[in-house]
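*Asks:* Take a look at protein-v6.txt, compact mmCIF, C-alpha atoms:
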```txt
# COMPACT_ATOMS: atom_id res chain seq x y z
CA MET A 6 18.46 0.33 8.93
CA ALA A 7 19.21 3.99 9.37
CA VAL A 8 18.68 6.53 6.62
CA ASP A 9 21.31 5.76 4.00
CA PRO A 10 22.62 8.05 1.21
CA GLU A 11 20.69 6.15 -1.47
CA LEU A 12 17.41 6.68 0.38
CA LEU A 13 18.19 10.37 0.89
CA GLU A 14 18.72 10.62 -2.85
CA ILE A 15 15.13 9.57 -3.64
CA LEU A 16 13.30 11.02 -0.62
CA ALA A 17 11.27 14.23 -0.99
CA CYS A 18 9.66 16.67 1.45
CA PRO A 19 5.94 15.83 1.84
CA ASN A 20 5.13 19.52 1.61
CA CYS A 21 7.15 20.93 -1.26
CA LYS A 22 8.83 17.86 -2.83
CA THR A 23 12.32 19.24 -2.29
CA LYS A 24 15.10 16.80 -1.36
CA VAL A 25 15.41 16.47 2.41
CA GLU A 26 18.62 16.48 4.47
CA LEU A 27 19.62 14.57 7.58
CA VAL A 28 19.86 16.86 10.64
CA LYS A 29 20.17 16.61 14.43
CA GLY A 30 22.77 13.87 14.29
CA GLY A 31 20.62 11.69 12.07
CA THR A 32 17.46 11.87 14.18
CA ALA A 33 15.43 14.03 11.83
CA LEU A 34 15.04 15.04 8.19
CA LYS A 35 14.81 18.67 7.19
CA CYS A 36 13.55 20.33 4.05
CA PRO A 37 15.86 23.24 3.13
CA GLN A 38 13.04 24.88 1.17
CA CYS A 39 10.06 25.01 3.59
CA ARG A 40 12.14 24.37 6.76
CA ARG A 41 9.91 21.54 7.91
CA VAL A 42 11.61 18.97 10.11
CA TYR A 43 10.35 15.39 9.98
CA PRO A 44 11.19 13.23 12.99
CA ILE A 45 12.83 9.82 12.72
CA LYS A 46 11.15 7.71 15.42
CA ASP A 47 12.74 4.35 16.23
CA ASP A 48 14.65 4.45 12.92
CA ILE A 49 11.40 5.13 10.98
CA PRO A 50 11.24 8.51 9.19
CA VAL A 51 7.76 9.96 9.67
CA MET A 52 7.07 11.62 6.34
CA LEU A 53 3.75 13.20 7.31
CA ILE A 54 3.15 16.96 7.21
CA ASP A 55 1.03 16.80 10.39
CA GLU A 56 3.97 15.35 12.35
CA ALA A 57 6.51 17.93 11.15
CA THR A 58 7.71 21.02 12.97
CA ILE A 59 8.88 24.21 11.25
CA GLU A 60 12.35 25.31 12.32
CA ASN A 61 14.63 28.12 11.21
CA MET B 13 -43.39 11.79 -6.99
CA ALA B 14 -39.85 12.23 -5.75
CA LEU B 15 -38.52 15.77 -5.86
CA PHE B 16 -35.07 14.54 -6.75
CA GLU B 17 -33.52 11.30 -7.72
CA ARG B 18 -31.01 9.85 -5.36
CA LYS B 19 -28.61 7.31 -6.75
CA THR B 20 -28.54 4.21 -4.60
CA GLU B 21 -25.18 2.74 -3.62
CA THR B 22 -25.73 -0.16 -5.99
CA GLU B 23 -26.36 2.16 -8.97
CA ASN B 24 -23.06 3.93 -8.35
CA VAL B 25 -21.10 0.69 -8.71
CA THR B 26 -22.73 -0.46 -11.95
CA GLY B 27 -22.20 1.02 -15.41
CA ASP B 28 -19.05 2.03 -17.25
CA ALA B 29 -15.81 0.60 -15.82
CA ALA B 30 -14.02 3.89 -16.55
CA THR B 31 -16.25 5.90 -14.24
CA ARG B 32 -18.11 3.63 -11.81
CA ALA B 33 -17.32 3.56 -8.08
CA LEU B 34 -14.82 0.84 -7.11
CA SER B 35 -16.72 -0.14 -3.95
CA VAL B 36 -19.94 0.66 -2.09
CA ALA B 37 -17.87 1.38 1.02
CA ALA B 38 -16.05 4.67 1.59
CA VAL B 39 -13.29 5.02 4.18
CA GLU B 40 -10.91 7.77 5.27
CA ASN B 41 -7.27 7.59 6.35
CA ASP B 42 -8.03 8.28 10.01
CA PHE B 43 -10.57 5.48 10.11
CA VAL B 44 -8.20 3.00 8.46
CA GLU B 45 -5.36 4.04 10.77
CA GLY B 46 -7.62 3.43 13.78
CA VAL B 47 -8.60 -0.03 12.54
CA TYR B 48 -4.98 -1.03 11.90
CA ASP B 49 -3.74 0.37 15.19
CA LYS B 50 -6.16 -2.07 16.82
CA LEU B 51 -5.25 -4.90 14.44
CA ALA B 52 -1.47 -4.58 14.84
CA ASN B 53 -1.24 -7.16 17.63
CA VAL B 54 -3.50 -9.76 16.02
CA TYR B 55 -2.98 -9.18 12.28
CA ASP B 56 -0.54 -12.05 11.74
CA LEU B 57 -2.82 -14.42 13.61
CA ILE B 58 -5.94 -13.49 11.61
CA PHE B 59 -4.46 -12.82 8.18
CA GLY B 60 -1.17 -14.73 8.39
CA PRO B 61 -1.56 -18.34 7.17
CA THR B 62 -4.70 -17.90 5.00
CA LEU B 63 -3.15 -15.22 2.85
CA HIS B 64 0.36 -16.71 2.76
CA PRO B 65 0.26 -18.72 -0.52
CA GLY B 66 -0.49 -15.46 -2.34
CA ARG B 67 2.51 -13.77 -0.72
CA LEU B 68 4.80 -16.61 -1.82
CA ARG B 69 3.46 -16.52 -5.38
CA ALA B 70 3.92 -12.75 -5.54
CA ILE B 71 7.60 -13.01 -4.57
CA GLU B 72 8.02 -15.73 -7.20
CA ARG B 73 6.40 -13.52 -9.86
CA MET B 74 8.62 -10.56 -8.95
CA ASN B 75 11.65 -12.56 -10.04
CA ILE B 76 13.86 -10.19 -8.06
CA GLN B 77 17.38 -9.78 -9.46
CA PRO B 78 20.36 -8.95 -7.23
CA GLY B 79 20.46 -5.24 -6.44
CA GLU B 80 16.91 -4.53 -7.54
CA ARG B 81 15.05 -1.91 -5.54
CA VAL B 82 11.71 -3.09 -4.17
CA LEU B 83 9.11 -0.81 -2.61
CA GLU B 84 6.46 -2.53 -0.51
CA VAL B 85 3.48 -0.22 -0.13
CA GLY B 86 1.60 -1.15 3.03
CA VAL B 87 4.41 -3.12 4.64
CA GLY B 88 2.23 -3.61 7.73
CA THR B 89 3.72 -5.97 10.30
CA GLY B 90 6.52 -6.84 7.89
CA ILE B 91 5.14 -10.31 7.29
CA ASN B 92 6.84 -10.45 3.84
CA LEU B 93 10.29 -9.38 5.01
CA SER B 94 11.69 -12.88 5.45
CA LEU B 95 10.55 -13.78 1.90
CA TYR B 96 12.74 -11.32 0.00
CA PRO B 97 16.17 -12.38 -1.26
CA ARG B 98 18.89 -10.75 0.83
CA GLU B 99 20.47 -9.15 -2.26
CA ALA B 100 17.39 -6.99 -2.84
CA THR B 101 17.10 -3.43 -1.51
CA VAL B 102 13.73 -3.38 0.21
CA THR B 103 11.91 -0.22 1.30
CA GLY B 104 8.60 -0.51 3.16
CA ILE B 105 6.06 2.19 3.90
CA ASP B 106 2.89 2.21 5.98
CA PHE B 107 0.48 4.80 7.34
CA SER B 108 0.04 3.06 10.70
CA SER B 109 2.80 3.61 13.24
CA SER B 110 1.57 0.60 15.26
CA MET B 111 1.96 -1.71 12.28
CA LEU B 112 5.39 -0.22 11.49
CA GLU B 113 6.51 -0.89 15.04
CA LYS B 114 5.77 -4.59 14.46
CA ALA B 115 7.67 -4.45 11.17
CA ARG B 116 10.66 -2.90 12.92
CA GLU B 117 10.72 -5.71 15.48
CA ARG B 118 10.52 -8.25 12.67
CA ALA B 119 13.24 -6.54 10.62
CA ALA B 120 15.60 -6.94 13.56
CA ARG B 121 15.36 -10.74 13.29
CA LYS B 122 18.14 -12.65 11.60
CA ASP B 123 16.07 -14.24 8.81
CA ALA B 124 14.71 -10.92 7.50
CA ALA B 125 16.21 -9.09 4.53
CA PRO B 126 17.52 -5.61 5.43
CA VAL B 127 14.73 -3.09 5.01
CA ARG B 128 14.19 0.66 5.27
CA LEU B 129 10.90 1.55 6.92
CA LEU B 130 9.12 4.87 6.54
CA GLN B 131 5.78 6.23 7.64
CA MET B 132 3.87 7.87 4.79
CA ASP B 133 0.59 7.93 2.94
CA ALA B 134 0.39 5.45 0.06
CA ALA B 135 -1.67 7.95 -1.93
CA ASP B 136 1.11 10.54 -1.65
CA LEU B 137 4.48 8.79 -1.85
CA LYS B 138 7.53 10.85 -0.96
CA PHE B 139 9.87 9.26 -3.45
CA ALA B 140 11.28 10.57 -6.72
CA ASP B 141 9.83 9.38 -10.03
CA ASN B 142 11.19 6.03 -11.33
CA ALA B 143 12.97 5.33 -8.01
CA PHE B 144 12.15 1.59 -7.81
CA ASP B 145 12.36 -1.51 -10.01
CA ILE B 146 9.44 -3.28 -8.33
CA VAL B 147 6.51 -1.65 -6.54
CA TYR B 148 4.34 -4.11 -4.64
CA ALA B 149 1.08 -3.63 -2.74
CA PRO B 150 0.15 -6.79 -0.81
CA TYR B 151 -3.42 -6.79 0.52
CA LEU B 152 -3.46 -3.00 0.53
CA ILE B 153 -5.53 -1.65 -2.30
CA SER B 154 -8.89 -2.63 -0.75
CA VAL B 155 -7.92 -0.87 2.47
CA VAL B 156 -7.08 2.63 1.23
CA PRO B 157 -9.58 5.49 0.73
CA ASP B 158 -8.53 6.08 -2.89
CA PRO B 159 -7.16 2.96 -4.65
CA VAL B 160 -6.77 4.75 -8.00
CA LYS B 161 -4.60 7.50 -6.48
CA VAL B 162 -2.43 4.88 -4.75
CA ALA B 163 -1.98 2.95 -8.02
CA GLN B 164 -1.01 6.16 -9.85
CA GLU B 165 1.60 6.93 -7.19
CA MET B 166 2.94 3.37 -7.38
CA ARG B 167 3.25 3.76 -11.15
CA ARG B 168 5.00 7.11 -10.80
CA VAL B 169 7.76 5.79 -8.53
CA CYS B 170 8.29 2.66 -10.66
CA ARG B 171 10.91 2.88 -13.40
CA PRO B 172 9.87 2.33 -17.03
CA GLY B 173 9.92 -1.43 -17.61
CA GLY B 174 9.60 -2.09 -13.88
CA ARG B 175 6.90 -4.27 -12.30
CA ILE B 176 3.89 -3.06 -10.36
CA ILE B 177 2.22 -5.85 -8.42
CA PHE B 178 -1.08 -5.97 -6.57
CA LEU B 179 -2.10 -8.86 -4.37
CA ASN B 180 -5.69 -8.49 -3.28
CA HIS B 181 -9.21 -9.71 -2.94
CA PHE B 182 -11.48 -8.31 -5.65
CA LEU B 183 -15.21 -8.44 -6.29
CA SER B 184 -16.32 -11.83 -7.60
CA PRO B 185 -17.59 -12.04 -11.21
CA ASN B 186 -20.29 -14.41 -9.90
CA PRO B 187 -23.53 -12.38 -9.55
CA ILE B 188 -24.64 -14.03 -6.30
CA LEU B 189 -21.22 -13.81 -4.62
CA SER B 190 -20.70 -10.24 -5.76
CA ARG B 191 -24.05 -9.25 -4.26
CA ILE B 192 -23.02 -10.70 -0.93
CA GLU B 193 -19.59 -9.03 -1.14
CA ARG B 194 -21.23 -5.64 -1.76
CA LEU B 195 -23.69 -6.21 1.04
CA ILE B 196 -21.00 -7.00 3.63
CA SER B 197 -18.41 -4.43 2.46
CA PRO B 198 -19.61 -1.61 4.77
CA PHE B 199 -19.00 -4.07 7.64
CA THR B 200 -15.72 -5.67 6.52
CA VAL B 201 -14.08 -2.20 6.51
CA HIS B 202 -14.16 -2.48 10.30
CA ILE B 203 -11.78 -5.44 10.11
CA GLY B 204 -9.55 -3.71 7.62
CA PHE B 205 -10.74 -4.19 4.02
CA LYS B 206 -13.51 -3.57 1.47
CA SER B 207 -14.85 -6.92 0.26
CA ASP B 208 -16.16 -5.55 -3.06
CA LEU B 209 -13.27 -3.86 -4.86
CA ASP B 210 -14.01 -3.92 -8.58
CA LEU B 211 -10.95 -5.16 -10.55
CA PRO B 212 -12.08 -4.26 -14.11
CA ALA B 213 -13.00 -0.74 -12.96
CA PHE B 214 -9.73 -0.43 -11.01
CA VAL B 215 -7.68 -1.40 -14.09
CA ALA B 216 -9.72 0.89 -16.37
CA GLN B 217 -9.30 3.89 -14.07
CA THR B 218 -5.59 3.48 -13.34
CA ASP B 219 -4.13 3.14 -16.83
CA LEU B 220 -2.30 0.00 -15.72
CA LYS B 221 -1.46 -2.73 -18.17
CA PRO B 222 -1.70 -6.10 -16.40
CA VAL B 223 0.49 -8.76 -18.00
CA SER B 224 -1.03 -11.46 -15.82
CA ILE B 225 -3.91 -11.94 -13.41
CA GLU B 226 -3.86 -15.18 -11.39
CA LYS B 227 -6.09 -16.52 -8.67
CA VAL B 228 -4.31 -17.35 -5.41
CA ASN B 229 -4.94 -18.69 -1.88
CA VAL B 230 -7.60 -21.15 -0.72
CA PRO B 231 -10.39 -20.49 -1.56
CA LYS B 232 -9.11 -18.90 -4.77
CA ILE B 233 -10.87 -15.60 -4.27
CA TRP B 234 -7.76 -13.43 -4.17
CA SER B 235 -5.89 -12.22 -7.25
CA LEU B 236 -2.28 -11.51 -8.06
CA VAL B 237 -2.18 -8.74 -10.67
CA THR B 238 1.20 -8.15 -12.32
CA CYS B 239 1.68 -5.03 -14.45
CA VAL B 240 4.69 -3.65 -16.35
CA LYS B 241 5.23 0.11 -16.61
```
Represent the supplied structure as structure tokens.

*Replies:*
Amino acid sequence: MAVDPELLEILACPNCKTKVELVKGGTALKCPQCRRVYPIKDDIPVMLIDEATIEN
Amino acid sequence: MALFERKTETENVTGDAATRALSVAAVENDFVEGVYDKLANVYDLIFGPTLHPGRLRAIERMNIQPGERVLEVGVGTGINLSLYPREATVTGIDFSSSMLEKARERAARKDAAPVRLLQMDAADLKFADNAFDIVYAPYLISVVPDPVKVAQEMRRVCRPGGRIIFLNHFLSPNPILSRIERLISPFTVHIGFKSDLDLPAFVAQTDLKPVSIEKVNVPKIWSLVTCVK
């Protein structure tokens, strides 16, 4: 199951607890606050700070 | 005469339930992840049938109503996924990507309820407060480095009046058995669990209010602990 709106509603950035947004055509989640991008690997969002990249 | 007194491991786990150590064994996330990466291919074979009656009882106790939101903390290989009613909204998290990969394969099967899978640390859940109706940790709490922190996070994401359910092996109240369980715990962590997790101390330190504690599986050395927030 891909990331659905209800899940997005309750999901927070591991770093700053801000709500995350779907980016890159649904293949990653981005925190608008700290700009960390969390990959979605094989439909599984990886909500770990160590796995995130920081993008502008 | 000793220059300083060193507490032995056994002394740390006796005394007041509110402060004593929950286990003689200490583990860290990286260690646990390594163990479960290795176990991913054989987990269902080793821990499948023996621990299954407890899983069935847990689902029964949850009494899941249509539309209820269930969070499974430590979803592992997804062994529970076919047990949930299809009307439930199931979310599963795990720290091990190898275990999650198995869960993803399982979720693709026809008999499994639809599930969202996410990789995260059980001690630091990335969900809003009160986001779930049922928060369930099957055979997890004796695996994690900090069981109290995990229980507090589970409580946080559970809505008021929701159910928080632990299915686990805990230290035996029998003095001989408990001594053996403490003795072997530093070794059992290598196959994925601490054999001496102290239930009274766990409950005292987590501020949980169990409404029932039942013995499950054969032999009946595992417990199903149901709490209401």

*Asks:* Kindly indicate which residue among B:Pro157, B:Pro187, B:Pro126, B:Pro231 lies nearest to chain A, using all atoms listed in the file for the distances.

*Replies:* B:Pro126

*Asks:* Which neighbours of Glu56 of chain A fall inside 9 Å, counting all atoms listed in the file, when residues of the same chain fewer than 2 positions from it are skipped, and could you give them as a list in words?

*Replies:*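 Using all atoms listed in the file, the neighbours found are Val42, Tyr43, Pro44, Val51, Met52, Leu53, Ile54 and Thr58 of chain A.
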
*Asks:* Selection from above, C-alpha atoms, as a compact mmCIF listing (two decimals), in the frame of the given file, can you write it?

*Replies:*
```
# COMPACT_ATOMS: atom_id res chain seq x y z
CA VAL A 42 11.61 18.97 10.11
CA TYR A 43 10.35 15.39 9.98
CA PRO A 44 11.19 13.23 12.99
CA VAL A 51 7.76 9.96 9.67
CA MET A 52 7.07 11.62 6.34
CA LEU A 53 3.75 13.20 7.31
CA ILE A 54 3.15 16.96 7.21
CA THR A 58 7.71 21.02 12.97
```

*Asks:* Using only C-alpha atoms, pick whichever of A:Leu12, A:Ala33, A:Val25, A:Ala17 has the shortest atom-to-atom distance to chain B.

*Replies:*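 Residue with the minimum atom-to-atom distance to chain B: A:Ala17.
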
*Asks:* Could you please determine the separation between atom CA of Glu60 of chain A and atom CA of Lys35 of chain A in Å, to one decimal place?

*Replies:*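 For atom CA of Glu60 of chain A relative to atom CA of Lys35 of chain A, the distance reads 8.7 Å.
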
*Asks:* Identify which of the residues B:Ala37, B:Leu57, B:Leu130, B:Val215 lies closest to chain A, counting only C-alpha atoms when measuring atom-to-atom distances.

*Replies:*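 Of B:Ala37, B:Leu57, B:Leu130, B:Val215, the one nearest chain A is B:Leu130, counting only C-alpha atoms.
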
*Asks:* Compile the residues of chain A that lie within 9 Å of chain B, evaluated using all atoms listed in the file, and express the compilation as a list in words.

*Replies:* Met6, Ala7, Val8, Asp9, Leu12, Glu14, Ile15, Leu16, Ala17, Cys18, Pro19, Lys22, Ile45, Asp47, Asp48, Ile49, Pro50, Val51, Met52 and Leu53 of chain A

*Asks:* Quick check, in Å to one decimal: how far apart do atom CA of Ala124 of chain B and atom CA of Asn92 of chain B lie?

*Replies:*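 Value for the atom CA of Ala124 of chain B-atom CA of Asn92 of chain B distance: 8.7 Å.
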
*Asks:* Just the number, please: distance in Å from atom CA of Ile153 of chain B to atom CA of Trp234 of chain B, one decimal.

*Replies:* 12.1 Å

*Asks:* List the spatial neighbours of Ile196 of chain B as a short mmCIF file (atom, residue, chain, number, x, y, z; two decimals) with C-alpha atoms, in the coordinates of the input - criterion: any atom at most 10 Å away, all atoms listed in the file, same-chain residues fewer than 4 positions off excluded.

*Replies:*
```cif
data_model
loop_
_atom_site.label_atom_id
_atom_site.label_comp_id
_atom_site.auth_asym_id
_atom_site.auth_seq_id
_atom_site.Cartn_x
_atom_site.Cartn_y
_atom_site.Cartn_z
CA VAL B 36 -19.94 0.66 -2.09
CA ALA B 37 -17.87 1.38 1.02
CA SER B 190 -20.70 -10.24 -5.76
CA ARG B 191 -24.05 -9.25 -4.26
CA ILE B 192 -23.02 -10.70 -0.93
CA THR B 200 -15.72 -5.67 6.52
CA VAL B 201 -14.08 -2.20 6.51
CA LYS B 206 -13.51 -3.57 1.47
CA SER B 207 -14.85 -6.92 0.26
CA ASP B 208 -16.16 -5.55 -3.06
#
```

*Asks:* Would you kindly return, as a ChimeraX atom specification, each protein, DNA or RNA residue with an atom no farther than 12 Å from any atom of segment 63-68 of chain B, considering only C-alpha atoms and excluding same-chain residues fewer than 6 positions away?

*Replies:* /B:55-57,74-75,84,90-96,148-151,177-181,226-237

*Asks:* So, counting all atoms listed in the file, which residue among B:His202, B:Arg81, B:Arg118, B:Lys221 is closest to Val47 of chain B?

*Replies:*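 Of B:His202, B:Arg81, B:Arg118, B:Lys221, the one nearest Val47 of chain B is B:His202, counting all atoms listed in the file.
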